[in-house]
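S.K.: CSV, N, CA and C atoms, saved as my_file-v4.csv, coming up:
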chain,number,residue,atom,x,y,z
W,1,MET,N,58.5,197.6,30.0
W,1,MET,CA,57.4,196.9,30.6
W,1,MET,C,56.2,197.3,29.8
W,2,THR,N,55.2,196.4,29.7
W,2,THR,CA,54.0,196.7,28.9
W,2,THR,C,52.8,196.6,29.8
W,3,ASP,N,51.7,197.2,29.3
W,3,ASP,CA,50.4,197.0,29.9
W,3,ASP,C,49.7,195.8,29.4
W,4,ALA,N,48.5,195.6,29.8
W,4,ALA,CA,47.7,194.4,29.4
W,4,ALA,C,47.5,194.3,27.9
W,5,GLU,N,47.5,195.4,27.2
W,5,GLU,CA,47.4,195.4,25.8
W,5,GLU,C,48.7,195.3,25.0
W,6,GLY,N,49.8,195.2,25.7
W,6,GLY,CA,51.1,195.1,25.1
W,6,GLY,C,51.7,196.5,24.8
W,7,ASN,N,51.1,197.6,25.2
W,7,ASN,CA,51.7,198.9,25.0
W,7,ASN,C,52.9,199.1,26.0
W,8,ARG,N,53.9,199.7,25.5
W,8,ARG,CA,55.1,200.0,26.3
W,8,ARG,C,54.7,201.1,27.3
W,9,ILE,N,54.9,200.9,28.6
W,9,ILE,CA,54.5,201.9,29.6
W,9,ILE,C,55.7,202.4,30.4
W,10,SER,N,56.7,201.6,30.5
W,10,SER,CA,57.9,202.0,31.3
W,10,SER,C,59.1,201.1,30.9
W,11,ALA,N,60.3,201.5,31.4
W,11,ALA,CA,61.5,200.7,31.0
W,11,ALA,C,62.4,200.6,32.2
W,12,VAL,N,63.1,199.5,32.3
W,12,VAL,CA,64.1,199.3,33.3
W,12,VAL,C,65.5,199.4,32.6
W,13,ILE,N,66.3,200.4,33.2
W,13,ILE,CA,67.6,200.6,32.5
W,13,ILE,C,68.6,200.6,33.6
W,14,PRO,N,69.9,200.3,33.3
W,14,PRO,CA,70.9,200.4,34.3
W,14,PRO,C,71.0,201.8,34.9
W,15,ILE,N,71.4,201.8,36.2
W,15,ILE,CA,71.4,203.1,36.9
W,15,ILE,C,72.4,204.0,36.2
W,16,GLU,N,73.5,203.5,35.7
W,16,GLU,CA,74.5,204.4,35.1
W,16,GLU,C,73.9,205.1,33.9
W,17,LEU,N,73.1,204.4,33.1
W,17,LEU,CA,72.5,205.0,31.9
W,17,LEU,C,71.5,206.1,32.4
W,18,PHE,N,70.7,205.7,33.4
W,18,PHE,CA,69.7,206.6,33.9
W,18,PHE,C,70.4,207.9,34.4
W,19,ASN,N,71.5,207.8,35.2
W,19,ASN,CA,72.2,208.9,35.7
W,19,ASN,C,72.7,209.8,34.6
W,20,LYS,N,73.2,209.2,33.5
W,20,LYS,CA,73.8,209.9,32.4
W,20,LYS,C,72.7,210.7,31.7
W,21,LEU,N,71.5,210.0,31.4
W,21,LEU,CA,70.4,210.7,30.8
W,21,LEU,C,69.8,211.8,31.6
W,22,ALA,N,69.7,211.5,32.9
W,22,ALA,CA,69.2,212.6,33.8
W,22,ALA,C,70.1,213.8,33.9
W,23,ALA,N,71.4,213.6,33.9
W,23,ALA,CA,72.4,214.7,34.0
W,23,ALA,C,72.3,215.5,32.7
W,24,GLU,N,72.1,214.8,31.6
W,24,GLU,CA,72.0,215.5,30.3
W,24,GLU,C,70.7,216.2,29.9
W,25,SER,N,69.7,215.9,30.7
W,25,SER,CA,68.3,216.4,30.4
W,25,SER,C,68.1,217.7,31.0
W,26,GLU,N,67.1,218.4,30.5
W,26,GLU,CA,66.6,219.6,31.1
W,26,GLU,C,65.2,219.4,31.6
W,27,LEU,N,64.9,218.3,32.2
W,27,LEU,CA,63.6,217.9,32.6
W,27,LEU,C,63.5,217.8,34.1
W,28,ASP,N,64.2,218.6,34.9
W,28,ASP,CA,64.3,218.5,36.3
W,28,ASP,C,62.9,218.6,36.9
W,29,GLU,N,62.0,219.3,36.3
W,29,GLU,CA,60.6,219.5,36.8
W,29,GLU,C,59.9,218.1,36.9
W,30,PHE,N,60.3,217.1,36.1
W,30,PHE,CA,59.7,215.8,36.1
W,30,PHE,C,60.2,214.9,37.2
W,31,PHE,N,61.3,215.3,37.8
W,31,PHE,CA,61.9,214.4,38.9
W,31,PHE,C,61.4,214.9,40.2
W,32,GLU,N,61.0,214.0,41.1
W,32,GLU,CA,60.6,214.4,42.4
W,32,GLU,C,61.1,213.3,43.4
W,33,PRO,N,61.4,213.8,44.6
W,33,PRO,CA,61.9,212.8,45.6
W,33,PRO,C,60.8,211.9,46.1
W,34,VAL,N,61.1,210.7,46.4
W,34,VAL,CA,60.1,209.7,46.9
W,34,VAL,C,60.5,209.4,48.3
W,35,PRO,N,59.7,209.8,49.3
W,35,PRO,CA,60.1,209.5,50.7
W,35,PRO,C,60.1,208.0,51.0
W,36,PHE,N,61.1,207.6,51.8
W,36,PHE,CA,61.3,206.2,52.1
W,36,PHE,C,61.7,206.1,53.5
W,37,GLU,N,61.1,205.2,54.3
W,37,GLU,CA,61.5,205.0,55.6
W,37,GLU,C,61.8,203.5,55.8
W,38,ALA,N,63.1,203.2,56.1
W,38,ALA,CA,63.5,201.8,56.3
W,38,ALA,C,62.8,201.2,57.5
W,39,ASP,N,62.6,199.9,57.4
W,39,ASP,CA,62.1,199.1,58.5
W,39,ASP,C,62.7,197.7,58.6
W,40,ASP,N,62.3,197.0,59.6
W,40,ASP,CA,62.9,195.7,59.8
W,40,ASP,C,62.6,194.6,58.7
W,41,ASN,N,61.6,194.9,57.9
W,41,ASN,CA,61.1,193.9,56.9
W,41,ASN,C,61.6,194.2,55.5
W,42,ASP,N,62.5,195.1,55.3
W,42,ASP,CA,63.0,195.5,54.0
W,42,ASP,C,63.6,194.4,53.2
W,43,ASP,N,64.2,193.4,53.9
W,43,ASP,CA,64.9,192.3,53.2
W,43,ASP,C,64.0,191.1,53.0
W,44,GLU,N,62.7,191.2,53.4
W,44,GLU,CA,61.8,190.1,53.4
W,44,GLU,C,61.4,189.8,51.9
W,45,MET,N,61.4,188.5,51.6
W,45,MET,CA,61.1,188.0,50.2
W,45,MET,C,59.8,187.2,50.3
W,46,ILE,N,58.9,187.3,49.4
W,46,ILE,CA,57.7,186.5,49.3
W,46,ILE,C,57.7,186.0,47.8
W,47,PRO,N,57.4,184.7,47.7
W,47,PRO,CA,57.4,184.1,46.4
W,47,PRO,C,56.4,184.8,45.5
W,48,GLY,N,56.8,185.0,44.2
W,48,GLY,CA,55.9,185.7,43.3
W,48,GLY,C,54.6,185.0,43.1
W,49,ALA,N,54.5,183.7,43.2
W,49,ALA,CA,53.3,183.0,43.1
W,49,ALA,C,52.3,183.4,44.2
W,50,VAL,N,52.9,183.6,45.4
W,50,VAL,CA,52.0,184.0,46.6
W,50,VAL,C,51.5,185.4,46.3
W,51,VAL,N,52.3,186.3,45.8
W,51,VAL,CA,51.9,187.6,45.5
W,51,VAL,C,50.8,187.6,44.5
W,52,ASP,N,51.0,186.8,43.4
W,52,ASP,CA,50.0,186.7,42.4
W,52,ASP,C,48.7,186.2,42.9
W,53,ILE,N,48.7,185.2,43.8
W,53,ILE,CA,47.5,184.6,44.4
W,53,ILE,C,46.8,185.7,45.2
W,54,ARG,N,47.6,186.4,46.0
W,54,ARG,CA,47.0,187.5,46.8
W,54,ARG,C,46.3,188.5,45.9
W,55,HIS,N,46.9,188.9,44.8
W,55,HIS,CA,46.4,189.9,43.9
W,55,HIS,C,45.2,189.3,43.2
W,56,ASP,N,45.3,188.2,42.6
W,56,ASP,CA,44.3,187.6,41.8
W,56,ASP,C,43.0,187.3,42.6
W,57,ASN,N,43.2,186.9,43.8
W,57,ASN,CA,42.0,186.5,44.6
W,57,ASN,C,41.6,187.5,45.7
W,58,ASN,N,42.3,188.6,45.7
W,58,ASN,CA,42.0,189.7,46.6
W,58,ASN,C,41.9,189.2,48.1
W,59,VAL,N,43.0,188.5,48.5
W,59,VAL,CA,43.0,187.9,49.9
W,59,VAL,C,44.3,188.4,50.6
W,60,PRO,N,44.3,188.4,51.9
W,60,PRO,CA,45.5,188.7,52.7
W,60,PRO,C,46.6,187.7,52.3
W,61,LEU,N,47.8,188.1,52.6
W,61,LEU,CA,49.0,187.2,52.4
W,61,LEU,C,48.9,185.9,53.1
W,62,HIS,N,48.4,185.9,54.3
W,62,HIS,CA,48.3,184.6,55.0
W,62,HIS,C,47.3,183.6,54.3
W,63,ALA,N,46.3,184.2,53.7
W,63,ALA,CA,45.4,183.3,52.9
W,63,ALA,C,46.0,182.9,51.6
W,64,ALA,N,46.8,183.8,51.0
W,64,ALA,CA,47.5,183.4,49.8
W,64,ALA,C,48.5,182.3,50.0
W,65,TRP,N,49.1,182.3,51.2
W,65,TRP,CA,50.1,181.2,51.5
W,65,TRP,C,49.3,179.9,51.6
W,66,ARG,N,48.1,179.9,52.2
W,66,ARG,CA,47.3,178.6,52.3
W,66,ARG,C,47.0,178.1,50.9
W,67,ILE,N,46.6,179.0,50.0
W,67,ILE,CA,46.3,178.6,48.7
W,67,ILE,C,47.5,178.1,48.0
W,68,TYR,N,48.6,178.8,48.1
W,68,TYR,CA,49.9,178.4,47.5
W,68,TYR,C,50.3,177.0,47.9
W,69,ARG,N,50.2,176.7,49.2
W,69,ARG,CA,50.5,175.4,49.7
W,69,ARG,C,49.5,174.3,49.4
W,70,ASN,N,48.4,174.8,48.7
W,70,ASN,CA,47.3,173.9,48.3
W,70,ASN,C,46.7,173.2,49.5
W,71,TYR,N,46.5,174.0,50.6
W,71,TYR,CA,45.9,173.5,51.8
W,71,TYR,C,44.4,174.0,51.8
W,72,SER,N,43.5,173.1,52.3
W,72,SER,CA,42.1,173.5,52.4
W,72,SER,C,42.0,174.3,53.8
W,73,GLN,N,40.9,175.0,53.9
W,73,GLN,CA,40.6,175.7,55.1
W,73,GLN,C,40.4,174.6,56.2
W,74,GLU,N,39.8,173.5,55.9
W,74,GLU,CA,39.6,172.4,56.9
W,74,GLU,C,41.0,171.9,57.4
W,75,TYR,N,42.0,171.7,56.5
W,75,TYR,CA,43.3,171.3,56.9
W,75,TYR,C,43.9,172.2,57.9
W,76,VAL,N,43.8,173.5,57.6
W,76,VAL,CA,44.4,174.5,58.4
W,76,VAL,C,43.7,174.6,59.8
W,77,ALA,N,42.4,174.5,59.7
W,77,ALA,CA,41.6,174.5,60.9
W,77,ALA,C,42.0,173.4,61.8
W,78,ASP,N,42.1,172.2,61.3
W,78,ASP,CA,42.6,171.0,62.1
W,78,ASP,C,43.9,171.3,62.7
W,79,ALA,N,44.9,171.9,61.9
W,79,ALA,CA,46.2,172.1,62.4
W,79,ALA,C,46.2,173.2,63.5
W,80,LEU,N,45.3,174.1,63.4
W,80,LEU,CA,45.2,175.2,64.4
W,80,LEU,C,44.3,174.8,65.6
W,81,GLY,N,43.5,173.8,65.4
W,81,GLY,CA,42.6,173.4,66.5
W,81,GLY,C,41.3,174.3,66.6
W,82,ILE,N,40.9,174.8,65.4
W,82,ILE,CA,39.7,175.6,65.3
W,82,ILE,C,38.8,175.1,64.2
W,83,THR,N,37.7,175.7,64.0
W,83,THR,CA,36.8,175.3,63.0
W,83,THR,C,37.1,175.9,61.6
W,84,GLN,N,36.6,175.3,60.6
W,84,GLN,CA,36.8,175.8,59.2
W,84,GLN,C,36.2,177.2,59.1
W,85,ALA,N,35.1,177.5,59.8
W,85,ALA,CA,34.5,178.8,59.8
W,85,ALA,C,35.5,179.8,60.5
W,86,GLY,N,36.2,179.3,61.5
W,86,GLY,CA,37.2,180.2,62.2
W,86,GLY,C,38.3,180.6,61.2
W,87,VAL,N,38.7,179.7,60.4
W,87,VAL,CA,39.8,180.0,59.4
W,87,VAL,C,39.2,181.0,58.4
W,88,SER,N,38.0,180.7,57.9
W,88,SER,CA,37.3,181.6,57.0
W,88,SER,C,37.3,183.0,57.5
W,89,ASN,N,36.8,183.2,58.8
W,89,ASN,CA,36.8,184.5,59.4
W,89,ASN,C,38.1,185.1,59.5
W,90,MET,N,39.1,184.3,59.9
W,90,MET,CA,40.5,184.8,60.1
W,90,MET,C,41.0,185.3,58.7
W,91,GLU,N,40.7,184.7,57.6
W,91,GLU,CA,41.2,185.1,56.3
W,91,GLU,C,40.5,186.3,55.8
W,92,LYS,N,39.6,186.8,56.5
W,92,LYS,CA,39.0,188.1,56.1
W,92,LYS,C,39.7,189.3,56.8
W,93,ARG,N,40.6,189.0,57.7
W,93,ARG,CA,41.4,190.0,58.4
W,93,ARG,C,42.8,190.1,57.7
W,94,ALA,N,43.3,191.3,57.7
W,94,ALA,CA,44.7,191.4,57.1
W,94,ALA,C,45.8,190.8,57.9
W,95,LYS,N,45.6,191.0,59.2
W,95,LYS,CA,46.7,190.5,60.1
W,95,LYS,C,46.1,189.8,61.4
W,96,PRO,N,46.1,188.5,61.4
W,96,PRO,CA,45.6,187.8,62.6
W,96,PRO,C,46.5,188.1,63.8
W,97,GLN,N,46.2,187.6,65.0
W,97,GLN,CA,47.0,187.8,66.2
W,97,GLN,C,48.3,187.2,66.0
W,98,LYS,N,49.3,187.7,66.8
W,98,LYS,CA,50.7,187.2,66.7
W,98,LYS,C,50.8,185.7,66.9
W,99,ALA,N,50.1,185.2,67.9
W,99,ALA,CA,50.2,183.7,68.2
W,99,ALA,C,49.7,182.9,67.0
W,100,THR,N,48.6,183.4,66.4
W,100,THR,CA,48.1,182.7,65.2
W,100,THR,C,49.0,182.8,64.1
W,101,LEU,N,49.7,183.9,63.8
W,101,LEU,CA,50.6,184.1,62.8
W,101,LEU,C,51.8,183.1,63.0
W,102,GLU,N,52.2,182.9,64.2
W,102,GLU,CA,53.4,182.0,64.5
W,102,GLU,C,53.0,180.6,64.1
W,103,LYS,N,51.7,180.2,64.4
W,103,LYS,CA,51.3,178.8,64.1
W,103,LYS,C,51.1,178.7,62.6
W,104,LEU,N,50.6,179.7,61.9
W,104,LEU,CA,50.5,179.6,60.5
W,104,LEU,C,51.8,179.5,59.8
W,105,ALA,N,52.8,180.3,60.3
W,105,ALA,CA,54.2,180.2,59.7
W,105,ALA,C,54.7,178.8,59.8
W,106,ARG,N,54.5,178.1,60.9
W,106,ARG,CA,54.9,176.7,61.0
W,106,ARG,C,54.2,175.8,60.0
W,107,ILE,N,52.9,176.0,59.9
W,107,ILE,CA,52.1,175.2,59.0
W,107,ILE,C,52.5,175.4,57.5
W,108,TYR,N,52.7,176.7,57.2
W,108,TYR,CA,53.0,177.0,55.8
W,108,TYR,C,54.5,177.0,55.5
W,109,ASN,N,55.4,176.7,56.5
W,109,ASN,CA,56.8,176.6,56.3
W,109,ASN,C,57.4,177.9,55.8
W,110,CYS,N,57.0,179.0,56.5
W,110,CYS,CA,57.6,180.3,56.1
W,110,CYS,C,57.8,181.1,57.4
W,111,ARG,N,58.2,182.4,57.2
W,111,ARG,CA,58.5,183.2,58.4
W,111,ARG,C,57.2,184.0,58.6
W,112,VAL,N,57.0,184.4,59.9
W,112,VAL,CA,55.9,185.2,60.3
W,112,VAL,C,55.8,186.5,59.5
W,113,THR,N,56.9,187.1,59.2
W,113,THR,CA,56.9,188.4,58.5
W,113,THR,C,56.5,188.2,57.0
W,114,GLN,N,56.5,187.0,56.5
W,114,GLN,CA,56.0,186.8,55.2
W,114,GLN,C,54.5,186.6,55.1
W,115,LEU,N,53.8,186.7,56.2
W,115,LEU,CA,52.4,186.4,56.2
W,115,LEU,C,51.5,187.7,56.3
W,116,TYR,N,52.2,188.9,56.4
W,116,TYR,CA,51.4,190.1,56.4
W,116,TYR,C,52.2,191.2,55.8
Re-express the file's structure as structure tokens.

M.R.:
Amino acid sequence: MTDAEGNRISAVIPIELFNKLAAESELDEFFEPVPFEADDNDDEMIPGAVVDIRHDNNVPLHAAWRIYRNYSQEYVADALGITQAGVSNMEKRAKPQKATLEKLARIYNCRVTQLY
């Protein structure tokens, strides 16, 4: 993998090769455990384009889905039965209320868990 200037910064290698190299190395001090806690959303997938929109526009996932679907705030407001200003305010929050997320999931044709 490279950085924005094209400099190599990391590599993805098969686990078998990694294990072989790690076993043969004397660099144990560079390896550290990474804590991990499994949860119900571990298998959730989000389209790369939605993630890019979220990152590029610095918006919550539910707002990135709206942009991804090419919907205006006015369109979503009409579908939710609220004002465009209400959608704008909602998109400033990372996680709207559960009932709103369920409505947005229907509008964006995705699962609720893909919205936050």

S.K.: Measuring between only C-alpha atoms, which one of W:Val112, W:Ala63, W:Ile9, W:Ala77 shows the shortest distance to Arg93 (chain W)?

M.R.: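 Between W:Val112, W:Ala63, W:Ile9, W:Ala77, the residue approaching Arg93 (chain W) most closely is W:Ala63.
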
S.K.: Residues within 7 Å of Tyr68 (chain W), please, as an MDAnalysis selection string. Count all atoms listed in the file; anything in the same chain fewer than 6 positions from it doesn't count.

M.R.: chainID W and resid 49:50 53

S.K.: Just to confirm, what's the straight-line distance from CA of Ile13 (chain W) to atom N of Val34 (chain W) in Å (one decimal)?

M.R.: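 Calculated distance between CA of Ile13 (chain W) and atom N of Val34 (chain W) is 18.4 Å.
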
S.K.: One decimal, in Å: what's the spacing between CA of Gln73 (chain W) and CA of Gly48 (chain W)?

M.R.: 21.8 Å

S.K.: Extract, using all atoms listed in the file, all DNA, RNA and protein residues at most 8 Å from Lys103 (chain W), discarding same-chain residues fewer than 4 positions from it, and format them as a compact mmCIF listing (two decimals) with N, CA and C atoms, keeping the file's coordinate frame.

M.R.:
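Listing of result-v4.txt after writing:
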# COMPACT_ATOMS: atom_id res chain seq x y z
N ALA W 79 44.90 171.90 61.90
CA ALA W 79 46.20 172.10 62.40
C ALA W 79 46.20 173.20 63.50
N LEU W 80 45.30 174.10 63.40
CA LEU W 80 45.20 175.20 64.40
C LEU W 80 44.30 174.80 65.60
N GLN W 97 46.20 187.60 65.00
CA GLN W 97 47.00 187.80 66.20
C GLN W 97 48.30 187.20 66.00
N LYS W 98 49.30 187.70 66.80
CA LYS W 98 50.70 187.20 66.70
C LYS W 98 50.80 185.70 66.90
N ALA W 99 50.10 185.20 67.90
CA ALA W 99 50.20 183.70 68.20
C ALA W 99 49.70 182.90 67.00
N ILE W 107 52.90 176.00 59.90
CA ILE W 107 52.10 175.20 59.00
C ILE W 107 52.50 175.40 57.50
N TYR W 108 52.70 176.70 57.20
CA TYR W 108 53.00 177.00 55.80
C TYR W 108 54.50 177.00 55.50
N ASN W 109 55.40 176.70 56.50
CA ASN W 109 56.80 176.60 56.30
C ASN W 109 57.40 177.90 55.80
N VAL W 112 57.00 184.40 59.90
CA VAL W 112 55.90 185.20 60.30
C VAL W 112 55.80 186.50 59.50

S.K.: Do you have the atom C of His62 (chain W)-CA of Arg106 (chain W) distance handy?

M.R.: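 Separation of atom C of His62 (chain W) and CA of Arg106 (chain W): 12.3 Å.
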